[in-house]
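S.K.: This is the structure I want to talk about, given as structure tokens.
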Amino acid sequence: MSSAVSSSAVKQQDRVSLYNLSDITKTMESGGIRFQLSVPHLNIARGEKIAIIAESGCGKSTLLDMLAFISQPTTSDQFEFYPSALTDPVEVDRYWQNNDQNSISDLRKSHIGYVMQIGGLLPFLTVRENINLSRDVLGLPDDGTAVELAQKLHISSHLKKLPGNLSLGERQRVAICRALAHNPSVVIADEPTASLDPFSADIVLKMFVDLVEELGTTLILASHSWQYVKRFGLRRLSQESRRDSTTRTMFTTIKG
Amino acid sequence: MFLSIPGIFKLALKNYLHDWQSSSGLVLALASILGPMMIVFGIKYGVISGMITNLVEEPRNREITAVYSGRYSEQWFEELGKLPSADFLVPRTRRIAATIDLKSSSAPRILHTELIPTKRRDPLLPKIVIPENSDDWLIVSESAARKLAVNTGDSIDASISRRYRGKLERVHLTLRIAAIAPIHAFERDGAFASVSLLQAVEAYRDGLAVEAFGWEGDQRDIPVNFTGFRLFARSIYDVADLKRWFNEQGIEVSTRFHEISTVQRMNENLTTIYWAIAVIGLVGFSMALGASLWVDIERKRKELSVLRLVGYSTMDITCFPLIQSMLTALLGWVLAVIFFHLVAAIINYLMLSELQEGRQVCYLSIEHYFQSFLLTCGAAFLVTLTAGLRYANIEPAEGLRDR
């Protein structure tokens, strides 16, 4: 028992935080229904692979948007992000409160890779240019990373094509390449394979998770499918939703 | 605050070319608003400036003539000639004595012509070099030249008659045709000659001897007073000034002052009307351009959202549509200028017969092109900046998904 405690304590010390959130809420209204997402506490360590398993429309995209710094919390007690293992955390909610959009976009372009459920590619850029977009914005040269990633995801023959000429599965793979091309601290994926048929979905997700593991990037994956948690060894955040019919409000709590 | 101008410029350009259908639609829309406005302005400008040019260039508009003949001394002429408003001044002899009979070898009839004094830089005889230090020449009017069948350089027999001591006398002298006056200079039969020739003719008619030409008569001094003058103001704007000078002297003169002020007033009124139309047009133009660009930005929300997601700054996101609308403004303007040139050429061609040589009904000056360009870019810039900033201030997550 005691040895178990001490090993757990050591493990706790090794954990290097990436996100540290407490008492975050986000309230939204859509079609006469209110959604309220609460995050009592959330701590994500570097290199972790996190899963949020929930049905659509309960607020998991909202949490991902906040973690990707593209959505502002309605109320927050603490919203810390650690740009590197050695530096002090950045208080992201402060940036939002001060409307410091430039600091937020600086943080976003350096540390975040985002894969949307669908779309998110620029139709007027080739696959290669789309992948390099996340590097361009940082002023990084095209050093072959795009090609290397495309090879790993088996889309290197499409590098010169426009996204419009690709299948949905291929487009999602391009989006994954872009989310990883600038070597971000964390890659956030919002049901990246939901629009694919189950067979392709499995293949693409396997390639994605393998690549993330190989690069050592932190992964936050939203999905409505339980099977991936065990298969890819993901840490699932606890989630519960309840509907209050008198106030027509959907309450969701996510923590972990 | 990092602004990646080359990066965002490249992206904006690629997007603009990729969406060439909507881009060219915007360019055409812009050109179709700007082009007709340029035509309207071009016609207004062409017509007004044509009128002004006519007014300024027609020397008769700055001529001042005395209503009655008087007696003006050489000193008086000196004084008048020194006025800054006076440009061209020659004395006139008595009109009744200022005639001469011309006979050329190539035409049978003798032509009785008026003599008009002239000297160097006569506004009625532009481009004609008037001989100095000699009196043996004439510049005949077009009508006289036709009747006499003479050309520049020909010699012509001139004669003057007088009744002297009861007898009819006539003297002859050979004169050279120095030039033919343009038709507008003098429309009747006439000949421009030096002041000394006119003085000699007048003296001879008065029965005096004129030694310079070897004409006999009474040995008295030739009088140095004149009965009239030919006076041209420096410009049409100096006419009023000279008119005042004459009024002060009690000399009644006739000028085209009223015609000049009528055209000037008309110009002012037309300019006011034009500006009223231009302002209305400009407001309409800005609103139409604004609406098109605004819709275009709304349409590009998704692309702009993706750029924000990847981490492009607010400044970049605002620049993206700005670069595109500046391109639209530039291309639309170029198209409008081409359109303007085509239509103006047609209008000018159709009006060719109504116009004096080298005049155009529809035309714009370089400054107008420049102004219309700045105006177009300015309007596009303001609208896009407003739309872009409004967009840049909404939460990035909005517009990312089709909610």
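How things are named: the first chain in the structure tokens is A, the next is B, and so on; residues count from 1 in each chain; ligands count from 1 in the order shown.
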For chain B against chain A, which residues fall within 6 Å using only C-alpha atoms, given as number ranges by chain?

M.R.: B: 1, 15, 18, 306, 310-311, 313, 396-397

S.K.: Please return, as a list in words, all residues of stretch 142-229 of chain B that DSSP assigns to alpha helix (DSSP H) on the basis of the backbone.

M.R.: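 Filtering stretch 142-229 of chain B down to alpha helix (DSSP H) leaves Glu142, Ser143, Ala144, Ala145, Arg146, Lys147, Leu148, Val195, Ser196, Leu197, Leu198, Gln199, Ala200, Val201, Glu202, Ala203, Tyr204 and Arg205 of chain B.
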
S.K.: Would you mind listing what lies within 8 Å of stretch 94-106 of chain B as a PyMOL selection string, with only C-alpha atoms counted and same-chain residues fewer than 5 positions away left out?

M.R.: chain B and resi 111-116+148-150+155-160+198+201-202+205+226-228

S.K.: Could you take the residues named above and write them with C-alpha atoms, as a PDB file, in the first residue's frame?

M.R.:
ATOM      1  CA  LEU B 111     -10.056  96.549-104.947  1.00  0.00           C
ATOM      2  CA  HIS B 112     -10.912  99.335-102.556  1.00  0.00           C
ATOM      3  CA  THR B 113      -9.754  98.020 -99.159  1.00  0.00           C
ATOM      4  CA  GLU B 114      -9.704  99.219 -95.582  1.00  0.00           C
ATOM      5  CA  LEU B 115      -6.344  99.616 -93.908  1.00  0.00           C
ATOM      6  CA  ILE B 116      -5.876  98.323 -90.370  1.00  0.00           C
ATOM      7  CA  LEU B 148      -6.938  89.910-105.940  1.00  0.00           C
ATOM      8  CA  ALA B 149      -5.642  86.391-106.569  1.00  0.00           C
ATOM      9  CA  VAL B 150      -2.419  87.089-104.693  1.00  0.00           C
ATOM     10  CA  SER B 155       4.075  92.367-105.219  1.00  0.00           C
ATOM     11  CA  ILE B 156       1.003  94.480-105.590  1.00  0.00           C
ATOM     12  CA  ASP B 157       0.235  97.950-106.892  1.00  0.00           C
ATOM     13  CA  ALA B 158      -1.340 100.198-104.292  1.00  0.00           C
ATOM     14  CA  SER B 159      -2.735 103.633-105.005  1.00  0.00           C
ATOM     15  CA  ILE B 160      -4.226 106.478-103.030  1.00  0.00           C
ATOM     16  CA  LEU B 198      -1.413 104.594 -92.395  1.00  0.00           C
ATOM     17  CA  VAL B 201      -1.879 107.750 -96.347  1.00  0.00           C
ATOM     18  CA  GLU B 202      -3.798 110.007 -93.991  1.00  0.00           C
ATOM     19  CA  ARG B 205      -5.266 112.591 -98.156  1.00  0.00           C
ATOM     20  CA  PHE B 226      -4.521 109.789 -83.538  1.00  0.00           C
ATOM     21  CA  THR B 227      -8.265 109.369 -83.606  1.00  0.00           C
ATOM     22  CA  GLY B 228      -8.442 105.842 -82.314  1.00  0.00           C
TER      23      GLY B 228
END

S.K.: Please compute the atom CA of B:Glu367-atom CA of B:Gly46 distance, one decimal, in Å.

M.R.: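 Atom CA of B:Glu367 sits 13.9 Å away from atom CA of B:Gly46.
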
S.K.: Give me the residues within 10 Å of stretch 54-70 of chain B as number ranges by chain, counting only C-alpha atoms and dropping any in the same chain fewer than 3 places off.

M.R.: B: 48-51, 73, 86-89, 92-95, 122-126, 184-185, 225-240, 242-243, 246, 251-257, 259-260, 263-264, 356, 359

S.K.: List every residue of stretch 215-313 of chain B that DSSP, applied to the backbone of this structure, places in strand (DSSP E), and write the result as an NGL selection string.

M.R.: :B and (228-233 or 253-254)

S.K.: Check the smallest atom-to-atom distance from each of A:Thr253, A:Thr218, A:Gln97, A:Ser157 to A:Val16 using only C-alpha atoms, then report the winner.

M.R.: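 Residue with the minimum atom-to-atom distance to A:Val16: A:Thr218.
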
S.K.: Between B:Ala392, B:Ala193, B:Leu30, B:Leu293, which has the minimum distance to B:Ile323 (counting only C-alpha atoms)?

M.R.: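 So, comparing all the options, the nearest one is B:Leu293.
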
S.K.: Quick one: residues within 12 Å of B:Glu169, only C-alpha atoms counted, chain neighbours fewer than 6 positions away excluded, as number ranges by chain?

M.R.: B: 159-163, 204-205, 207, 215-217

S.K.: Could you save the residues just selected, with C-alpha atoms, as a CSV table (one decimal), in the first residue's frame?

M.R.:
chain,number,residue,atom,x,y,z
B,159,SER,CA,-2.7,103.6,-105.0
B,160,ILE,CA,-4.2,106.5,-103.0
B,161,SER,CA,-6.3,109.3,-104.5
B,162,ARG,CA,-7.0,112.8,-103.2
B,163,ARG,CA,-8.6,116.0,-104.3
B,204,TYR,CA,-1.5,112.5,-98.3
B,205,ARG,CA,-5.3,112.6,-98.2
B,207,GLY,CA,-3.0,117.4,-98.8
B,215,TRP,CA,4.6,112.4,-102.4
B,216,GLU,CA,4.2,116.1,-103.0
B,217,GLY,CA,1.9,118.5,-101.2

S.K.: To one decimal in Å, tell me the separation between atom CA of A:Glu213 and atom CA of A:Leu86.

M.R.: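 Interatomic distance, atom CA of A:Glu213 to atom CA of A:Leu86: 21.7 Å.
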
S.K.: Check the smallest atom-to-atom distance from each of A:Thr246, A:Asn183, A:Asn130, A:Ser76 to A:His158 using only C-alpha atoms, then report the winner.

M.R.: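 Using only C-alpha atoms, A:His158 sits closest to A:Asn130.
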